[in-house]
Amino acid sequence: MRAVLKEERFLLLALVAALVAYATEDSLLHGGRLVALIATGLLIGMIVLASVRVAHHAEVLAEKVGDPYGTMILTLSAVLVEVVILGIMLTHHPAPTLVRDTIYAAVMLDLNGILGLAALMGGLRHGEQAYNDDSARTYSVMILTAMGVSMVVPEFVPREHWRLYSAFTIGAMVLLYGVFLRMQVGAHSYFFSYSYPEKRRKAGAESAHRGESRKRSILLLCAGVVLIGALAEVMSKTLGVGLAGSGAPPMVAALVVAAISASPEILTALRAALANRMQAVVNIALGASLSTVILTVPVMEALALYSGQPLRMGMTPVQTVMVFITLIVAAINLNDGETNAIEGMTHFVLFATFIMLSLIGL
C-alpha cells in the first residue's frame with residue numbers, strides 16, 4: 001500500500017491542492033489579480049501533474065493491449081481531459097471562439113510542437129527514424145477533411161443556419177470517426193503499427209511498470225480525469241480574474257487548455273523518439289490532432305445546440321493559412337517512412353511562428 005501511495009504521489013498532491021483550492025476559493029477570487037494569477041499557475045501545475053499520471057496509466061493499458069490500441073487510449077485520454085476543461089471553462093466564461101482557438105492551438109502543438117521536437121531530438125540522436133508511412137497519410141487526409149468541414153466551411157455558413165450545420169457537423173464527425181476507428185482496429189490496423197527489431201527489455205522499474213494491474217490503471221485513470229475536472233473548475237475562475245483587463249491576447253486561455261491536455265503526450269512522444277520508436281510519435285502527434293478535432297467538435301457542438309449559444313468555429317485567415325502550411329509540410333515530410341532532424345526543425349519553426357502570432361494577438 002505504501003508503495004502505491006508513493007507511486008501516486010502526484011495524484012495525492014493534486015487531490016490536496018483541489019481541497020485547498022475549494023476551501024480558499026473565495027479568497028483567491030477576491031484577492032486581486034496577482035493572487036489570482038499565482039493561484040492559476042499553481043493549479044495548472046497540479047493539473048499537469050495529474051495529467052502525467054493519467055498518461056502513465058494510459059501507457060500501462062497501452063502496453064497491455066499493444067498498438068494501435070495503445071496510442072488510441074493515450075490520445076483519447078488527452079481529448080477527454082481537454083473536453084472536461086473546455087466544458088467547465090465555457091460554463092463560467094462563455095466565449096464563442098474558445099473551442100475553435102483551443103482546437104487550433106492543440107493541432108499546432110501536436111503537429112508542429114510534439115512532432116517537430118520529437119523528430120528533431122530523435123534525428124540528432126539516431127539519424128533517420130523509420131515508421132509506417134501508411135499511418136501518416138491516413139492521419140493527414142483525415143485531419144484535413146475534419147478541419148475543413150468543421151473549422152473552415154462554417155465561416156461561410158449564414159448565422160440563421162448554424163443549428164442545421166452544427167447538427168450536420170456532429171453527424172459528419174461521428175461518421176468519420178466510426179469509419180476511422182473500424183479501420184484502425186480492424187482490417188487496416190497494420191497501417192498504424194511498425195515492426196521494430198527486438199530490444200532487450202529493461203528490468204527493475206520497467207518490469208514493475210508492466211506488473212501494474214489493468215483494473216487499477218483504469219480506476220486511477222478515471223480518478224485522475226475527475227480530479228483534473230475539479231482543479232479546472234477553480235482554475236477557470238482564477239484565470240478569468242487574472243486575465244480580466246490585462247490586455248492579454250484571447251489565445252492565452254486556449255493555449256493553456258491545449259498545453260494542459262497535451263502535456264502527457266509531449267513526455268510520451270519525446271521518450272519514444274529518444275528510444276528510436278518514431279511510429280509511436282507519429283501515432284501520438286497525428287492521432288491526438290485527429291482526435292482533438294473529430295471528437296471535441298461534436299461534443300462542443302452538441303453542448304452549443306443544447307444551450308442555444310452558437311460557437312464561432314470558422315478559423316481566422318491567419319489560422320487557416322497556418323493549418324494549411326502545416327498540413328502541406330507534414331504531407332511532404334511524412335511521405336517516405338523516415339523522419340530526420342531537418343524535418344523536425346521545419347515543424348518546430350512553424351510551432352515557433354504559431355507562438356509568435358498568438359502573442360501578438362493573431
# chains A, B, ... in the order shown; residues from 1 in each chain; ligands from 1

call {"tool": "residues_around", "arguments": {"residues": "Leu221 (chain A)", "least_positions_apart": "3", "cutoff": "9 Å", "atoms": "only C-alpha atoms", "output": "mmCIF file with N, CA and C atoms, in the first residue's frame"}}
result
data_model
loop_
_atom_site.group_PDB
_atom_site.id
_atom_site.type_symbol
_atom_site.label_atom_id
_atom_site.label_comp_id
_atom_site.auth_asym_id
_atom_site.auth_seq_id
_atom_site.Cartn_x
_atom_site.Cartn_y
_atom_site.Cartn_z
ATOM 1 N N ARG A 53 0.061 11.475 -14.554
ATOM 2 C CA ARG A 53 -0.343 10.161 -14.025
ATOM 3 C C ARG A 53 -1.437 9.533 -14.880
ATOM 4 N N VAL A 54 -2.352 10.358 -15.400
ATOM 5 C CA VAL A 54 -3.360 9.838 -16.323
ATOM 6 C C VAL A 54 -2.674 9.225 -17.538
ATOM 7 N N ALA A 55 -1.668 9.928 -18.069
ATOM 8 C CA ALA A 55 -0.933 9.413 -19.229
ATOM 9 C C ALA A 55 -0.183 8.129 -18.878
ATOM 10 N N HIS A 56 0.366 8.074 -17.659
ATOM 11 C CA HIS A 56 1.086 6.870 -17.240
ATOM 12 C C HIS A 56 0.169 5.654 -17.247
ATOM 13 N N HIS A 57 -1.008 5.815 -16.686
ATOM 14 C CA HIS A 57 -1.930 4.676 -16.634
ATOM 15 C C HIS A 57 -2.489 4.351 -18.011
ATOM 16 N N ALA A 58 -2.608 5.370 -18.862
ATOM 17 C CA ALA A 58 -2.986 5.103 -20.253
ATOM 18 C C ALA A 58 -1.887 4.302 -20.940
ATOM 19 N N SER A 77 -7.542 9.680 -23.875
ATOM 20 C CA SER A 77 -7.499 10.212 -22.508
ATOM 21 C C SER A 77 -7.156 11.694 -22.525
ATOM 22 N N ARG A 216 -6.564 -1.606 -11.849
ATOM 23 C CA ARG A 216 -6.057 -0.468 -11.076
ATOM 24 C C ARG A 216 -5.766 0.725 -11.987
ATOM 25 N N SER A 217 -5.204 0.469 -13.157
ATOM 26 C CA SER A 217 -4.886 1.556 -14.090
ATOM 27 C C SER A 217 -6.155 2.241 -14.579
ATOM 28 N N ILE A 218 -7.182 1.458 -14.877
ATOM 29 C CA ILE A 218 -8.452 2.042 -15.334
ATOM 30 C C ILE A 218 -9.056 2.901 -14.236
ATOM 31 N N GLY A 224 -8.121 10.254 -12.021
ATOM 32 C CA GLY A 224 -7.296 11.379 -12.448
ATOM 33 C C GLY A 224 -8.074 12.372 -13.285
ATOM 34 N N VAL A 225 -8.911 11.873 -14.193
ATOM 35 C CA VAL A 225 -9.715 12.759 -15.039
ATOM 36 C C VAL A 225 -10.706 13.557 -14.186
ATOM 37 N N VAL A 226 -11.339 12.897 -13.215
ATOM 38 C CA VAL A 226 -12.266 13.590 -12.315
ATOM 39 C C VAL A 226 -11.535 14.667 -11.518
#

call {"tool": "residues_around", "arguments": {"residues": "Leu334 (chain A)", "least_positions_apart": "3", "cutoff": "12 Å", "atoms": "only C-alpha atoms", "output": "JSON, numbers by chain"}}
result
{"A": [111, 115, 116, 119, 129, 130, 131, 132, 133, 134, 135, 136, 137, 138, 139, 140, 278, 279, 282, 286, 326, 327, 328, 329, 330, 331, 337, 338, 339, 340, 343, 344, 347]}

call {"tool": "write_last_selection", "arguments": {"atoms": "C-alpha atoms", "output": "PDB file, in the first residue's frame"}}
result
ATOM      1  CA  LEU A 111       1.732  18.542 -35.376  1.00  0.00           C
ATOM      2  CA  LEU A 115       6.189  16.018 -33.845  1.00  0.00           C
ATOM      3  CA  GLY A 116       8.764  18.718 -34.585  1.00  0.00           C
ATOM      4  CA  ALA A 119      11.752  14.323 -34.795  1.00  0.00           C
ATOM      5  CA  GLN A 129      13.965   7.143 -37.878  1.00  0.00           C
ATOM      6  CA  ALA A 130      11.600   4.722 -39.589  1.00  0.00           C
ATOM      7  CA  TYR A 131       7.830   4.444 -39.255  1.00  0.00           C
ATOM      8  CA  ASN A 132       4.870   3.173 -41.299  1.00  0.00           C
ATOM      9  CA  ASP A 133       4.086   5.885 -43.865  1.00  0.00           C
ATOM     10  CA  ASP A 134       0.554   4.485 -44.376  1.00  0.00           C
ATOM     11  CA  SER A 135      -0.360   5.837 -40.941  1.00  0.00           C
ATOM     12  CA  ALA A 136       0.918   9.343 -41.702  1.00  0.00           C
ATOM     13  CA  ARG A 137      -1.010   9.561 -44.975  1.00  0.00           C
ATOM     14  CA  THR A 138      -4.207   8.277 -43.382  1.00  0.00           C
ATOM     15  CA  TYR A 139      -3.997  10.649 -40.429  1.00  0.00           C
ATOM     16  CA  SER A 140      -3.153  13.653 -42.627  1.00  0.00           C
ATOM     17  CA  MET A 278       9.066   7.019 -34.296  1.00  0.00           C
ATOM     18  CA  GLN A 279       5.859   5.102 -35.054  1.00  0.00           C
ATOM     19  CA  VAL A 282       3.516   9.643 -35.366  1.00  0.00           C
ATOM     20  CA  LEU A 286      -1.172  12.917 -35.604  1.00  0.00           C
ATOM     21  CA  THR A 326       1.398  22.746 -41.526  1.00  0.00           C
ATOM     22  CA  LEU A 327      -0.529  20.026 -43.353  1.00  0.00           C
ATOM     23  CA  ILE A 328       1.376  20.626 -46.613  1.00  0.00           C
ATOM     24  CA  VAL A 329       4.730  20.429 -44.802  1.00  0.00           C
ATOM     25  CA  ALA A 330       3.565  17.288 -42.974  1.00  0.00           C
ATOM     26  CA  ALA A 331       2.446  15.688 -46.251  1.00  0.00           C
ATOM     27  CA  GLY A 337       8.585   6.360 -43.998  1.00  0.00           C
ATOM     28  CA  GLU A 338      11.541   8.118 -42.327  1.00  0.00           C
ATOM     29  CA  THR A 339      11.999  11.316 -40.321  1.00  0.00           C
ATOM     30  CA  ASN A 340      15.169  13.276 -39.644  1.00  0.00           C
ATOM     31  CA  GLU A 343      12.151  17.670 -40.991  1.00  0.00           C
ATOM     32  CA  GLY A 344      11.757  18.083 -37.250  1.00  0.00           C
ATOM     33  CA  HIS A 347       7.818  21.730 -37.941  1.00  0.00           C
TER      34      HIS A 347
END

call {"tool": "atom_distance", "arguments": {"atom1": "CA of Phe156 (chain A)", "atom2": "CA of Ala253 (chain A)"}}
result
25.7 Å

call {"tool": "closest_residue", "arguments": {"among": "A:Leu98, A:Met121, A:Leu13, A:Ile114", "to": "Met315 (chain A)", "atoms": "only C-alpha atoms"}}
result
A:Leu98

call {"tool": "residues_around", "arguments": {"residues": "region 290-293 of chain A", "least_positions_apart": "3", "cutoff": "7 Å", "atoms": "only C-alpha atoms", "output": "VMD selection string"}}
result
chain A and resid 75 to 76 79 103 139 142 to 143 146 to 147 286 to 287 296 to 297

call {"tool": "closest_residue", "arguments": {"among": "A:Ser236, A:Thr316, A:Thr40, A:Thr102", "to": "Ala262 (chain A)", "atoms": "only C-alpha atoms"}}
result
A:Thr102

call {"tool": "atom_distance", "arguments": {"atom1": "CA of Ala269 (chain A)", "atom2": "CA of Ala285 (chain A)"}}
result
7.7 Å

call {"tool": "closest_residue", "arguments": {"among": "A:Trp162, A:Met251, A:Gly229, A:Ala172", "to": "Met356 (chain A)", "atoms": "only C-alpha atoms"}}
result
A:Met251

call {"tool": "residues_around", "arguments": {"residues": "Pro96 (chain A)", "least_positions_apart": "5", "cutoff": "7 Å", "atoms": "only C-alpha atoms", "output": "PDB file with C-alpha atoms, in the first residue's frame"}}
result
ATOM      1  CA  PRO A 310     -23.683  29.153 -31.108  1.00  0.00           C
ATOM      2  CA  LEU A 311     -19.929  28.620 -31.222  1.00  0.00           C
ATOM      3  CA  ARG A 312     -17.772  30.514 -33.671  1.00  0.00           C
TER       4      ARG A 312
END

call {"tool": "atom_distance", "arguments": {"atom1": "CA of Thr346 (chain A)", "atom2": "CA of Val48 (chain A)"}}
result
27.4 Å

call {"tool": "select_by_dssp", "arguments": {"residues": "region 279-332 of chain A", "states": "helix (DSSP H, G or I)", "output": "NGL selection string"}}
result
:A and (279-307 or 317-332)

call {"tool": "residues_around", "arguments": {"residues": "Ala273 (chain A)", "least_positions_apart": "4", "cutoff": "6 Å", "atoms": "only C-alpha atoms", "output": "VMD selection string"}}
result
chain A and resid 118 122 277 to 278

call {"tool": "closest_residue", "arguments": {"among": "A:Val185, A:Ala105, A:Leu295, A:Leu303", "to": "Ser358 (chain A)", "atoms": "only C-alpha atoms"}}
result
A:Ala105
